[in-house]
file start.tsv (TSV, C-alpha atoms and all ligand atoms)
chain	number	residue	atom	x	y	z
P	820	MET	CA	14.22	8.29	-15.77
P	821	LEU	CA	13.38	5.12	-17.64
P	822	THR	CA	12.79	5.68	-21.34
P	823	ALA	CA	12.27	3.35	-24.26
P	824	GLN	CA	16.02	3.68	-24.83
P	825	GLY	CA	16.88	2.80	-21.23
P	826	ALA	CA	17.67	4.77	-18.06
P	827	ARG	CA	18.53	8.44	-18.60
P	828	ARG	CA	19.33	11.51	-16.56
P	829	VAL	CA	17.07	14.43	-17.36
P	830	VAL	CA	16.74	18.03	-16.29
P	831	PRO	CA	13.51	18.75	-14.40
P	832	GLY	CA	11.63	21.65	-15.97
P	833	ALA	CA	9.94	24.31	-13.84
P	834	ALA	CA	6.46	22.92	-14.49
P	835	LEU	CA	7.35	19.68	-12.73
P	836	HIS	CA	7.14	21.33	-9.34
P	837	ALA	CA	4.58	24.01	-10.03
P	838	ALA	CA	1.23	22.29	-9.65
P	839	ASP	CA	0.83	21.37	-5.97
P	840	GLY	CA	4.37	21.66	-4.68
P	841	THR	CA	4.89	17.93	-4.30
P	842	GLY	CA	6.80	17.28	-7.50
P	843	PRO	CA	7.13	14.01	-9.37
P	844	ALA	CA	6.81	10.66	-7.60
P	845	VAL	CA	8.10	7.25	-8.57
P	846	GLY	CA	5.75	5.83	-11.19
P	847	ASP	CA	4.96	9.18	-12.79
P	848	TRP	CA	4.93	9.35	-16.56
P	849	VAL	CA	6.78	12.40	-17.74
P	850	ALA	CA	6.89	14.14	-21.11
P	851	LEU	CA	10.42	14.80	-22.35
P	852	ARG	CA	11.68	17.43	-24.75
P	853	GLY	CA	15.28	16.51	-25.40
P	854	GLU	CA	16.96	16.45	-21.99
P	855	LEU	CA	14.21	18.49	-20.39
P	856	ALA	CA	11.35	16.90	-18.43
P	857	VAL	CA	8.56	19.27	-19.32
P	858	GLU	CA	5.42	17.83	-17.80
P	859	ILE	CA	3.99	15.19	-15.49
P	860	LEU	CA	1.16	13.37	-17.23
P	861	PRO	CA	-2.14	13.08	-15.31
P	862	ARG	CA	-2.02	10.31	-12.71
P	863	THR	CA	-4.36	7.34	-12.93
P	864	SER	CA	-3.77	6.36	-9.30
P	865	ALA	CA	-1.71	7.45	-6.34
P	866	PHE	CA	-0.56	5.96	-3.08
P	867	VAL	CA	-0.73	8.75	-0.57
P	868	ARG	CA	0.73	8.95	2.89
P	869	THR	CA	-0.12	11.59	5.44
P	870	VAL	CA	3.20	12.95	6.56
P	871	ALA	CA	3.68	12.85	10.30
P	872	GLY	CA	4.45	16.26	11.70
P	873	ARG	CA	2.75	19.58	12.23
P	874	THR	CA	0.94	19.78	8.94
P	875	SER	CA	-1.36	17.14	7.59
P	876	ALA	CA	0.02	17.38	4.06
P	877	ALA	CA	-0.28	14.24	1.99
P	878	GLN	CA	2.74	12.84	0.22
P	879	VAL	CA	2.50	10.82	-2.96
P	880	VAL	CA	4.49	7.64	-2.34
P	881	ALA	CA	3.98	6.21	-5.82
P	882	ALA	CA	1.90	7.14	-8.83
P	883	ASN	CA	0.13	5.27	-11.64
P	884	ILE	CA	0.32	1.89	-9.98
P	885	ASP	CA	-1.95	-0.45	-11.96
P	886	LEU	CA	-1.42	-3.50	-9.87
P	887	VAL	CA	-0.60	-3.88	-6.19
P	888	LEU	CA	1.06	-7.14	-5.25
P	889	VAL	CA	-0.03	-7.76	-1.67
P	890	VAL	CA	2.80	-10.05	-0.66
P	891	ASP	CA	2.62	-12.45	2.25
P	892	ALA	CA	4.17	-15.85	2.98
P	893	LEU	CA	2.61	-19.29	2.97
P	894	THR	CA	4.65	-20.01	6.08
P	895	GLY	CA	3.72	-18.66	9.50
P	896	GLY	CA	0.23	-17.83	10.65
P	897	ALA	CA	-2.14	-14.91	11.15
P	898	ARG	CA	-1.93	-13.76	7.58
P	899	LEU	CA	-5.61	-13.09	6.91
P	900	ARG	CA	-5.99	-9.94	9.00
P	901	ARG	CA	-2.73	-8.60	7.65
P	902	ILE	CA	-3.76	-9.24	4.07
P	903	GLU	CA	-7.15	-7.61	4.63
P	904	ARG	CA	-5.38	-4.56	5.89
P	905	TYR	CA	-3.11	-4.28	2.89
P	906	LEU	CA	-6.03	-4.92	0.57
P	907	ALA	CA	-7.86	-1.99	2.11
P	908	VAL	CA	-4.86	0.26	1.49
P	909	ALA	CA	-4.49	-1.06	-2.06
P	910	TRP	CA	-8.15	-0.51	-2.99
P	911	SER	CA	-8.09	3.05	-1.70
P	912	SER	CA	-5.23	3.92	-4.08
P	913	GLY	CA	-7.26	3.21	-7.17
P	914	ALA	CA	-5.09	0.25	-8.20
P	915	THR	CA	-6.13	-3.39	-8.47
P	916	PRO	CA	-4.72	-5.67	-5.78
P	917	VAL	CA	-3.51	-9.23	-6.29
P	918	VAL	CA	-2.39	-11.40	-3.39
P	919	VAL	CA	0.94	-13.15	-3.93
P	920	LEU	CA	1.75	-15.86	-1.40
P	921	THR	CA	5.47	-16.66	-1.31
P	922	LYS	CA	7.54	-19.56	-0.03
P	923	ALA	CA	5.31	-22.23	-1.58
P	924	ASP	CA	8.31	-24.59	-1.38
P	925	LEU	CA	8.17	-24.41	2.42
P	926	CYS	CA	4.43	-25.03	2.77
P	927	ALA	CA	3.02	-28.55	3.13
P	928	ASP	CA	-0.53	-27.68	2.07
P	929	VAL	CA	-0.46	-24.79	-0.37
P	930	ALA	CA	-4.00	-25.44	-1.61
P	931	ALA	CA	-5.49	-25.15	1.89
P	932	VAL	CA	-3.83	-21.83	2.68
P	933	VAL	CA	-4.56	-20.39	-0.77
P	934	GLY	CA	-8.18	-21.51	-0.40
P	935	ALA	CA	-8.55	-19.79	2.95
P	936	VAL	CA	-7.07	-16.54	1.63
P	937	ARG	CA	-9.24	-16.71	-1.51
P	938	GLU	CA	-12.34	-17.11	0.57
P	939	ASP	CA	-11.36	-14.15	2.70
P	940	ALA	CA	-10.14	-11.80	-0.01
P	941	LEU	CA	-13.45	-11.49	-1.88
P	942	GLY	CA	-12.79	-11.80	-5.57
P	943	VAL	CA	-9.13	-10.86	-5.43
P	944	GLU	CA	-6.78	-13.13	-7.33
P	945	VAL	CA	-4.52	-15.20	-5.06
P	946	LEU	CA	-1.31	-16.61	-6.54
P	947	PRO	CA	1.08	-18.98	-4.74
P	948	VAL	CA	4.73	-18.69	-5.79
P	949	SER	CA	8.18	-19.81	-4.82
P	950	SER	CA	11.01	-17.46	-5.61
P	951	VAL	CA	13.39	-20.36	-4.94
P	952	THR	CA	11.99	-22.98	-7.32
P	953	GLY	CA	10.28	-20.51	-9.65
P	954	ASP	CA	6.91	-22.24	-9.24
P	955	GLY	CA	3.97	-19.95	-9.91
P	956	LEU	CA	6.06	-17.01	-11.13
P	957	ALA	CA	4.69	-17.31	-14.67
P	958	ALA	CA	1.20	-16.38	-13.44
P	959	VAL	CA	2.56	-13.22	-11.80
P	960	ARG	CA	4.58	-12.37	-14.91
P	961	ASP	CA	1.44	-12.69	-17.02
P	962	LEU	CA	-0.10	-9.84	-15.04
P	963	LEU	CA	2.86	-7.57	-15.67
P	964	ARG	CA	2.23	-6.76	-19.29
P	965	PRO	CA	4.27	-4.10	-21.14
P	966	GLY	CA	3.68	-0.62	-19.77
P	967	ARG	CA	1.85	-1.86	-16.70
P	968	THR	CA	3.22	-0.79	-13.36
P	969	ALA	CA	3.08	-2.97	-10.27
P	970	ALA	CA	4.16	-2.28	-6.70
P	971	MET	CA	4.66	-4.53	-3.71
P	972	VAL	CA	3.29	-4.07	-0.23
P	973	GLY	CA	3.60	-6.46	2.67
P	974	PRO	CA	5.37	-7.03	5.96
P	975	SER	CA	9.09	-7.49	6.36
P	976	GLY	CA	10.57	-10.90	5.67
P	977	VAL	CA	7.79	-12.35	3.52
P	978	GLY	CA	10.02	-12.34	0.46
P	979	LYS	CA	9.37	-9.11	-1.45
P	980	SER	CA	13.00	-8.62	-2.41
P	981	SER	CA	13.31	-12.25	-3.49
P	982	LEU	CA	10.15	-11.89	-5.56
P	983	ALA	CA	11.43	-8.68	-7.18
P	984	ASN	CA	14.68	-10.41	-8.10
P	985	ALA	CA	12.89	-13.49	-9.42
P	986	LEU	CA	10.57	-11.37	-11.58
P	987	ALA	CA	13.39	-9.21	-12.86
P	988	GLY	CA	15.65	-12.20	-13.52
P	989	ARG	CA	18.52	-10.30	-11.93
P	990	THR	CA	19.37	-8.82	-8.55
P	991	VAL	CA	17.47	-5.58	-8.22
P	992	ALA	CA	16.75	-5.68	-4.49
P	993	GLY	CA	18.81	-6.70	-1.49
P	994	THR	CA	17.52	-9.73	0.39
P	995	ARG	CA	18.17	-10.73	3.97
P	996	GLU	CA	20.84	-13.25	3.14
P	997	ILE	CA	24.02	-12.82	5.13
P	998	ARG	CA	26.86	-12.26	2.70
P	999	GLY	CA	29.92	-14.46	2.55
P	1000	ASP	CA	32.08	-11.80	4.13
P	1001	GLY	CA	29.69	-11.60	7.11
P	1002	ARG	CA	28.89	-7.93	6.55
P	1003	GLY	CA	25.15	-8.47	6.86
P	1004	ARG	CA	22.46	-7.70	4.36
P	1005	HIS	CA	22.97	-6.03	1.05
P	1006	ALA	CA	22.24	-2.37	0.93
P	1007	THR	CA	18.90	-1.71	-0.71
P	1008	THR	CA	19.56	-0.52	-4.22
P	1009	ALA	CA	18.92	3.14	-4.94
P	1010	ARG	CA	16.83	2.29	-7.99
P	1011	GLU	CA	13.16	2.29	-7.18
P	1012	LEU	CA	11.65	1.40	-10.52
P	1013	HIS	CA	12.60	-1.76	-12.37
P	1014	LEU	CA	11.92	-2.66	-15.97
P	1015	LEU	CA	11.00	-6.35	-16.11
P	1016	PRO	CA	11.95	-8.66	-18.97
P	1017	GLY	CA	8.32	-8.87	-20.12
P	1018	GLY	CA	8.00	-5.09	-20.44
P	1019	GLY	CA	6.17	-4.46	-17.16
P	1020	LEU	CA	7.44	-2.14	-14.46
P	1021	LEU	CA	7.93	-2.85	-10.79
P	1022	VAL	CA	8.04	-0.14	-8.16
P	1023	ASP	CA	9.93	-1.07	-5.02
P	1024	THR	CA	10.44	1.75	-2.56
P	1025	PRO	CA	10.77	1.83	1.22
P	1026	GLY	CA	7.80	4.20	1.25
P	1027	MET	CA	5.59	1.62	-0.45
P	1028	ARG	CA	6.84	-1.18	1.74
P	1029	GLU	CA	6.11	0.72	4.91
P	1030	LEU	CA	2.75	1.90	3.79
P	1031	GLY	CA	0.48	1.92	6.76
P	1032	LEU	CA	-3.06	2.96	7.21
P	1033	ARG	CA	-4.37	6.43	6.60
P	1034	ASP	CA	-7.81	7.86	6.39
P	1035	ASP	CA	-9.07	5.33	3.88
P	1036	ALA	CA	-12.64	4.60	4.80
P	1037	GLU	CA	-13.30	3.91	1.14
P	1038	GLY	CA	-10.67	1.19	0.94
P	1039	ILE	CA	-12.01	-0.46	4.06
P	1040	ALA	CA	-15.53	-0.35	2.66
P	1041	THR	CA	-14.35	-2.17	-0.48
P	1042	ALA	CA	-12.25	-4.76	1.30
P	1043	TYR	CA	-15.04	-5.50	3.77
P	1044	ALA	CA	-18.02	-5.10	1.49
P	1045	ASP	CA	-19.63	-8.18	3.06
P	1046	VAL	CA	-19.49	-6.76	6.59
P	1047	GLY	CA	-20.78	-3.41	5.39
P	1048	GLU	CA	-23.68	-5.10	3.67
P	1049	LEU	CA	-24.55	-7.02	6.82
P	1050	ALA	CA	-24.29	-3.88	8.96
P	1051	ALA	CA	-26.77	-2.17	6.63
P	1052	GLY	CA	-29.30	-4.80	7.72
P	1053	CYS	CA	-29.08	-4.00	11.43
P	1054	ARG	CA	-32.26	-2.69	13.02
P	1055	PHE	CA	-30.61	0.51	14.26
P	1056	ARG	CA	-28.81	2.69	11.79
P	1057	ASP	CA	-26.09	3.52	14.35
P	1058	CYS	CA	-25.80	-0.09	15.57
P	1059	GLY	CA	-22.50	-0.69	17.36
P	1060	HIS	CA	-22.76	-4.46	16.71
P	1061	SER	CA	-22.15	-5.20	20.36
P	1062	GLY	CA	-25.32	-6.84	21.56
P	1063	GLU	CA	-27.97	-4.46	20.23
P	1064	PRO	CA	-31.30	-6.12	19.38
P	1065	GLY	CA	-31.80	-6.87	15.68
P	1066	CYS	CA	-28.05	-6.78	14.93
P	1067	ALA	CA	-27.55	-8.47	11.56
P	1068	VAL	CA	-23.78	-8.68	12.07
P	1069	ALA	CA	-24.16	-10.61	15.33
P	1070	ALA	CA	-26.71	-12.89	13.67
P	1071	ALA	CA	-24.29	-13.64	10.82
P	1072	ILE	CA	-21.51	-14.46	13.28
P	1073	ASP	CA	-23.91	-16.69	15.22
P	1074	ASP	CA	-24.91	-18.80	12.25
P	1075	GLY	CA	-21.39	-18.95	10.82
P	1076	ARG	CA	-21.86	-16.69	7.79
P	1077	LEU	CA	-19.30	-14.21	9.13
P	1078	ASP	CA	-15.93	-15.18	10.58
P	1079	PRO	CA	-15.67	-13.42	13.97
P	1080	ALA	CA	-11.97	-12.73	13.34
P	1081	ARG	CA	-12.89	-10.98	10.12
P	1082	PHE	CA	-15.38	-8.87	12.03
P	1083	THR	CA	-12.71	-7.98	14.60
P	1084	GLY	CA	-10.31	-7.05	11.78
P	1085	TRP	CA	-12.92	-4.75	10.27
P	1086	ARG	CA	-13.65	-3.17	13.62
P	1087	LYS	CA	-9.99	-2.50	14.29
P	1088	LEU	CA	-9.43	-0.89	10.89
P	1089	GLU	CA	-12.55	1.23	11.27
P	1090	ALA	CA	-11.44	2.44	14.69
P	1091	GLU	CA	-7.97	3.21	13.39
P	1092	ALA	CA	-9.26	5.16	10.41
P	1093	ARG	CA	-11.55	7.12	12.73
P	1094	ARG	CA	-8.67	7.93	15.08
P	1095	GLN	CA	-6.58	9.05	12.15
P	1096	ARG	CA	-9.36	11.34	10.93
P	1097	LEU	CA	-9.72	12.87	14.38
P	1098	ARG	CA	-5.98	13.36	14.66
P	1099	VAL	CA	-5.83	15.13	11.32
P	1100	ASP	CA	-8.86	17.23	12.26
P	1101	ALA	CA	-7.38	18.10	15.63
P	1102	ARG	CA	-4.23	19.19	13.89
P	1103	ALA	CA	-6.20	21.35	11.52
P	1104	ARG	CA	-8.07	22.87	14.47
P	1105	ALA	CA	-4.84	23.60	16.34
P	1106	GLU	CA	-3.40	25.28	13.27
P	1107	GLU	CA	-6.45	27.43	12.90
P	1108	ARG	CA	-6.22	28.49	16.57
P	1109	ALA	CA	-2.55	29.40	16.15
P	1110	ARG	CA	-3.37	31.45	13.07
P	1111	LEU	CA	-6.07	33.39	14.90
P	1112	ARG	CA	-3.78	33.99	17.86
P	1113	THR	CA	-1.13	35.50	15.60
P	1114	LEU	CA	-3.75	37.63	13.95
P	1115	HIS	CA	-5.05	38.98	17.27
P	1116	ARG	CA	-1.55	39.62	18.53
P	1117	ALA	CA	-0.67	41.53	15.39
P	1118	ARG	CA	-3.78	43.62	15.79
P	1119	ARG	CA	-3.02	44.39	19.45
P	1120	GLU	CA	0.48	45.48	18.52
P	1121	GLN	CA	-0.65	47.92	15.85
P	1122	PRO	CA	0.77	51.31	16.95
P	1123	ASN	CA	-2.31	53.30	15.96
P	1124	ARG	CA	-4.37	51.31	18.43
P	1125	SER	CA	-2.17	51.99	21.46
P	1126	ARG	CA	-3.75	54.33	23.96
N	1	LIG	N1	12.24	-21.10	0.72
N	1	LIG	C1	11.95	-19.87	0.30
N	1	LIG	N2	12.50	-18.83	0.92
N	1	LIG	C2	12.19	-17.59	0.50
N	1	LIG	C3	11.28	-17.36	-0.56
N	1	LIG	N3	11.16	-16.03	-0.75
N	1	LIG	C4	11.96	-15.45	0.17
N	1	LIG	N4	12.59	-16.39	0.92
N	1	LIG	C5	13.52	-16.14	2.02
N	1	LIG	O1	12.89	-15.35	3.01
N	1	LIG	C6	13.80	-14.41	3.58
N	1	LIG	C7	13.25	-13.01	3.48
N	1	LIG	O2	13.14	-12.69	2.10
N	1	LIG	P1	13.24	-11.19	1.56
N	1	LIG	O3	13.02	-11.26	0.09
N	1	LIG	O4	14.45	-10.50	2.04
N	1	LIG	O5	11.98	-10.56	2.28
N	1	LIG	P2	11.43	-9.05	2.20
N	1	LIG	O6	9.97	-9.13	2.20
N	1	LIG	O7	12.08	-8.34	1.07
N	1	LIG	O8	11.91	-8.45	3.54
N	1	LIG	P3	12.26	-6.91	3.85
N	1	LIG	O9	13.45	-6.58	2.99
N	1	LIG	O10	12.58	-6.90	5.32
N	1	LIG	O11	11.04	-6.12	3.50
N	1	LIG	C8	15.12	-14.64	2.85
N	1	LIG	O12	15.93	-15.45	3.64
N	1	LIG	C9	14.72	-15.32	1.57
N	1	LIG	O13	15.72	-16.14	1.06
N	1	LIG	C10	10.69	-18.51	-1.20
N	1	LIG	O14	9.87	-18.41	-2.12
N	1	LIG	N5	11.06	-19.73	-0.71
N	2	ZN	ZN	-25.33	-4.47	14.25
call {"tool": "encode", "arguments": {"input": "start.tsv", "output": "structure tokens", "more": "lines below"}}
Ligand SMILES: Nc1nc2c(ncn2[C@@H]2O[C@H](COP(=O)(O)OP(=O)(O)OP(=O)(O)O)[C@@H](O)[C@H]2O)c(=O)[nH]1
Ligand SMILES: [Zn+2]
result
Amino acid sequence: MLTAQGARRVVPGAALHAADGTGPAVGDWVALRGELAVEILPRTSAFVRTVAGRTSAAQVVAANIDLVLVVDALTGGARLRRIERYLAVAWSSGATPVVVLTKADLCADVAAVVGAVREDALGVEVLPVSSVTGDGLAAVRDLLRPGRTAAMVGPSGVGKSSLANALAGRTVAGTREIRGDGRGRHATTARELHLLPGGGLLVDTPGMRELGLRDDAEGIATAYADVGELAAGCRFRDCGHSGEPGCAVAAAIDDGRLDPARFTGWRKLEAEARRQRLRVDARARAEERARLRTLHRARREQPNRSR
């Protein structure tokens, strides 16, 4: 545990696991009495992942994240749809997202790319940085005030580890660099919560990094508020936006108010969220059937009912 006096080992009290059986997550604030962790304080936000498997239990990946750094690189293409996707996930957690675009030193026209992302990300702050030259890092540090907790999401290779190290001012995460002895990349450090020089906290866990999509219709609605607003203007309430008369979405695409790629991104996320919901429901239905089967079998096997 991180305390005002530094990292400490503590003994988890019974109450830590009592509530819903999930126990503490990285980012939780915990009340200490001496060496004993007595209570998890109420969470202000939570990143939840539906655990793959037979049950549809949700797992808290990280708690109390104030700020989500949606990390992507200024190099390479096709970043808008990816960023939209991560923004949707971030919004649904209850945290505030900020887009951090890395590798500014490798990009010839930073302003153009930042402008395109800004236009797409609807009111979300977009900050270009270079972890190599240090350019732009001050703006990110400013957001990480004392006691505030940030977490990073984003695809592999965009520079999350490098950013974590640059913000921390020391090596806290293994990057992809091949080591001098040729033994490949550094092992990811076991620490998942880093105290930054400015007093902010940075969560960096594999679970956060791999965060995919779950049933987060709400997050999608926030990230794509413009599309939702357009869709509300369609003539038919259940418009599929695929050639129906009076479709406001199609009209907006036609006269250039809506980027068709953005529409496609929205559609894909919507379909995915719907599939996920169905999958979870189907699982719940299957469980219910199994439960009833067991019940019936038990009843049949009751000795007093045998003839
Ligand atoms: N030139 C330049 N290279 C960078 C920058 N940030 C990261 N890199 C390089 O990009 C590569 C990937 O960076 P990482 O920090 O390991 O990326 P990551 O997002 O942590 O990747 P995963 O660990 O796979 O999730 C490394 O070779 C870094 O040195 C930057 O700002 N400028
Ligand atoms: Zn429509």
call {"tool": "residues_near_ligand", "arguments": {"input": "start.tsv", "ligand": "ligand ZN 2 (chain N)", "cutoff": "7 Å", "atoms": "all atoms listed in the file", "output": "PyMOL selection string"}}
result
chain P and resi 1050+1053+1058-1061+1063+1066-1069
call {"tool": "residues_around", "arguments": {"input": "start.tsv", "residues": "P:Pro965", "least_positions_apart": "4", "cutoff": "8 Å", "atoms": "only C-alpha atoms", "output": "PyMOL selection string"}}
result
chain P and resi 1017-1020
call {"tool": "residues_around", "arguments": {"input": "start.tsv", "residues": "P:Asp954", "least_positions_apart": "4", "cutoff": "9 Å", "atoms": "only C-alpha atoms", "output": "PyMOL selection string"}}
result
chain P and resi 923-924+947-950
call {"tool": "closest_atom_pairs", "arguments": {"input": "start.tsv", "of": "chain P", "to": "ligand LIG 1 (chain N)", "cutoff": "8 Å", "atoms": "all atoms listed in the file", "output": "JSON lines"}}
result
{"residue": "P:Val890", "atom": "CA", "partner": "N:LIG1", "partner_atom": "O6", "distance": 7.8}
{"residue": "P:Ala892", "atom": "CA", "partner": "N:LIG1", "partner_atom": "N3", "distance": 7.9}
{"residue": "P:Thr921", "atom": "CA", "partner": "N:LIG1", "partner_atom": "O14", "distance": 4.8}
{"residue": "P:Lys922", "atom": "CA", "partner": "N:LIG1", "partner_atom": "O14", "distance": 3.3}
{"residue": "P:Ala923", "atom": "CA", "partner": "N:LIG1", "partner_atom": "O14", "distance": 6.0}
{"residue": "P:Asp924", "atom": "CA", "partner": "N:LIG1", "partner_atom": "N5", "distance": 5.6}
{"residue": "P:Leu925", "atom": "CA", "partner": "N:LIG1", "partner_atom": "N1", "distance": 5.5}
{"residue": "P:Val948", "atom": "CA", "partner": "N:LIG1", "partner_atom": "O14", "distance": 6.3}
{"residue": "P:Ser949", "atom": "CA", "partner": "N:LIG1", "partner_atom": "O14", "distance": 3.5}
{"residue": "P:Ser950", "atom": "CA", "partner": "N:LIG1", "partner_atom": "O14", "distance": 3.8}
{"residue": "P:Val951", "atom": "CA", "partner": "N:LIG1", "partner_atom": "N5", "distance": 4.9}
{"residue": "P:Thr952", "atom": "CA", "partner": "N:LIG1", "partner_atom": "O14", "distance": 7.2}
{"residue": "P:Gly953", "atom": "CA", "partner": "N:LIG1", "partner_atom": "O14", "distance": 7.8}
{"residue": "P:Gly973", "atom": "CA", "partner": "N:LIG1", "partner_atom": "O6", "distance": 6.9}
{"residue": "P:Pro974", "atom": "CA", "partner": "N:LIG1", "partner_atom": "O11", "distance": 6.2}
{"residue": "P:Ser975", "atom": "CA", "partner": "N:LIG1", "partner_atom": "O10", "distance": 3.7}
{"residue": "P:Gly976", "atom": "CA", "partner": "N:LIG1", "partner_atom": "O8", "distance": 3.5}
{"residue": "P:Val977", "atom": "CA", "partner": "N:LIG1", "partner_atom": "O6", "distance": 4.1}
{"residue": "P:Gly978", "atom": "CA", "partner": "N:LIG1", "partner_atom": "O3", "distance": 3.2}
{"residue": "P:Lys979", "atom": "CA", "partner": "N:LIG1", "partner_atom": "O6", "distance": 3.7}
{"residue": "P:Ser980", "atom": "CA", "partner": "N:LIG1", "partner_atom": "O7", "distance": 3.6}
{"residue": "P:Ser981", "atom": "CA", "partner": "N:LIG1", "partner_atom": "O3", "distance": 3.7}
{"residue": "P:Leu982", "atom": "CA", "partner": "N:LIG1", "partner_atom": "O3", "distance": 6.4}
{"residue": "P:Ala983", "atom": "CA", "partner": "N:LIG1", "partner_atom": "O3", "distance": 7.9}
{"residue": "P:Ala992", "atom": "CA", "partner": "N:LIG1", "partner_atom": "O7", "distance": 7.7}
{"residue": "P:Gly993", "atom": "CA", "partner": "N:LIG1", "partner_atom": "O4", "distance": 6.8}
{"residue": "P:Thr994", "atom": "CA", "partner": "N:LIG1", "partner_atom": "O4", "distance": 3.6}
{"residue": "P:Arg995", "atom": "CA", "partner": "N:LIG1", "partner_atom": "O4", "distance": 4.2}
{"residue": "P:Glu996", "atom": "CA", "partner": "N:LIG1", "partner_atom": "O12", "distance": 5.4}
{"residue": "P:Arg1028", "atom": "CA", "partner": "N:LIG1", "partner_atom": "O11", "distance": 6.7}
call {"tool": "write_last_selection", "arguments": {"input": "start.tsv", "atoms": "C-alpha atoms", "output": "tab-separated table (two decimals), keeping the file's coordinate frame"}}
result
chain	number	residue	atom	x	y	z
P	890	VAL	CA	2.80	-10.05	-0.66
P	892	ALA	CA	4.17	-15.85	2.98
P	921	THR	CA	5.47	-16.66	-1.31
P	922	LYS	CA	7.54	-19.56	-0.03
P	923	ALA	CA	5.31	-22.23	-1.58
P	924	ASP	CA	8.31	-24.59	-1.38
P	925	LEU	CA	8.17	-24.41	2.42
P	948	VAL	CA	4.73	-18.69	-5.79
P	949	SER	CA	8.18	-19.81	-4.82
P	950	SER	CA	11.01	-17.46	-5.61
P	951	VAL	CA	13.39	-20.36	-4.94
P	952	THR	CA	11.99	-22.98	-7.32
P	953	GLY	CA	10.28	-20.51	-9.65
P	973	GLY	CA	3.60	-6.46	2.67
P	974	PRO	CA	5.37	-7.03	5.96
P	975	SER	CA	9.09	-7.49	6.36
P	976	GLY	CA	10.57	-10.90	5.67
P	977	VAL	CA	7.79	-12.35	3.52
P	978	GLY	CA	10.02	-12.34	0.46
P	979	LYS	CA	9.37	-9.11	-1.45
P	980	SER	CA	13.00	-8.62	-2.41
P	981	SER	CA	13.31	-12.25	-3.49
P	982	LEU	CA	10.15	-11.89	-5.56
P	983	ALA	CA	11.43	-8.68	-7.18
P	992	ALA	CA	16.75	-5.68	-4.49
P	993	GLY	CA	18.81	-6.70	-1.49
P	994	THR	CA	17.52	-9.73	0.39
P	995	ARG	CA	18.17	-10.73	3.97
P	996	GLU	CA	20.84	-13.25	3.14
P	1028	ARG	CA	6.84	-1.18	1.74
call {"tool": "closest_residue", "arguments": {"input": "start.tsv", "among": "P:Tyr1043, P:Ala856, P:Gly1052, P:Leu956", "to": "P:Ala1071", "atoms": "all atoms listed in the file"}}
result
P:Gly1052
call {"tool": "atom_distance", "arguments": {"input": "start.tsv", "atom1": "atom CA of P:Leu920", "atom2": "atom CA of P:Leu941"}}
result
15.8 Å
call {"tool": "closest_residue", "arguments": {"input": "start.tsv", "among": "P:Gly966, P:Gly1065, P:Pro916, P:Gly1047", "to": "P:Leu1014", "atoms": "only C-alpha atoms"}}
result
P:Gly966
call {"tool": "closest_residue", "arguments": {"input": "start.tsv", "among": "P:Ala957, P:Ala970, P:Val908, P:Leu962", "to": "P:Ala1042", "atoms": "only C-alpha atoms"}}
result
P:Val908
call {"tool": "atom_distance", "arguments": {"input": "start.tsv", "atom1": "atom CA of P:Ala1092", "atom2": "atom CA of P:Arg901"}}
result
15.5 Å
call {"tool": "residues_around", "arguments": {"input": "start.tsv", "residues": "stretch 842-853 of chain P", "least_positions_apart": "2", "cutoff": "12 Å", "atoms": "all atoms listed in the file", "output": "number ranges by chain"}}
result
P: 820-823, 827-840, 855-867, 878-886, 966-970, 1010-1014, 1019-1027
call {"tool": "closest_residue", "arguments": {"input": "start.tsv", "among": "P:Ile1039, P:Met971, P:Val943, P:Ala931", "to": "P:Ser911", "atoms": "all atoms listed in the file"}}
result
P:Ile1039
call {"tool": "residues_around", "arguments": {"input": "start.tsv", "residues": "P:Ala1080", "least_positions_apart": "5", "cutoff": "10 Å", "atoms": "only C-alpha atoms", "output": "PyMOL selection string"}}
result
chain P and resi 899-900+1072+1085-1086
call {"tool": "atom_distance", "arguments": {"input": "start.tsv", "atom1": "atom CA of P:Trp910", "atom2": "atom CA of P:Ala1040"}}
result
9.3 Å
call {"tool": "closest_residue", "arguments": {"input": "start.tsv", "among": "P:Gly1062, P:Leu946, P:Leu906, P:Ala1090", "to": "P:Ala930", "atoms": "only C-alpha atoms"}}
result
P:Leu946
call {"tool": "axis_aligned_box", "arguments": {"input": "start.tsv", "around": "stretch 967-986 of chain P", "padding_each_side": "4 Å", "output": "AutoDock Vina command-line options"}}
result
--center_x 8.3 --center_y -7.1 --center_z -5.2 --size_x 20.8 --size_y 20.7 --size_z 31.1
call {"tool": "decode", "arguments": {"input": "start.tsv", "residues": "stretch 820-832 of chain P", "atoms": "C-alpha atoms", "output": "PDB file, in the first residue's frame"}}
result
ATOM      1  CA  MET P 820       0.000   0.000   0.000  1.00  0.00           C
ATOM      2  CA  LEU P 821       1.121   3.543  -0.678  1.00  0.00           C
ATOM      3  CA  THR P 822       0.851   5.800   2.352  1.00  0.00           C
ATOM      4  CA  ALA P 823       1.970   9.331   3.059  1.00  0.00           C
ATOM      5  CA  GLN P 824       5.092   7.745   4.544  1.00  0.00           C
ATOM      6  CA  GLY P 825       5.773   5.625   1.462  1.00  0.00           C
ATOM      7  CA  ALA P 826       5.028   2.034   0.408  1.00  0.00           C
ATOM      8  CA  ARG P 827       4.010  -0.316   3.231  1.00  0.00           C
ATOM      9  CA  ARG P 828       2.880  -3.879   3.701  1.00  0.00           C
ATOM     10  CA  VAL P 829      -0.393  -4.144   5.568  1.00  0.00           C
ATOM     11  CA  VAL P 830      -2.627  -6.909   6.843  1.00  0.00           C
ATOM     12  CA  PRO P 831      -6.006  -7.048   5.104  1.00  0.00           C
ATOM     13  CA  GLY P 832      -8.842  -6.991   7.612  1.00  0.00           C
TER      14      GLY P 832
END
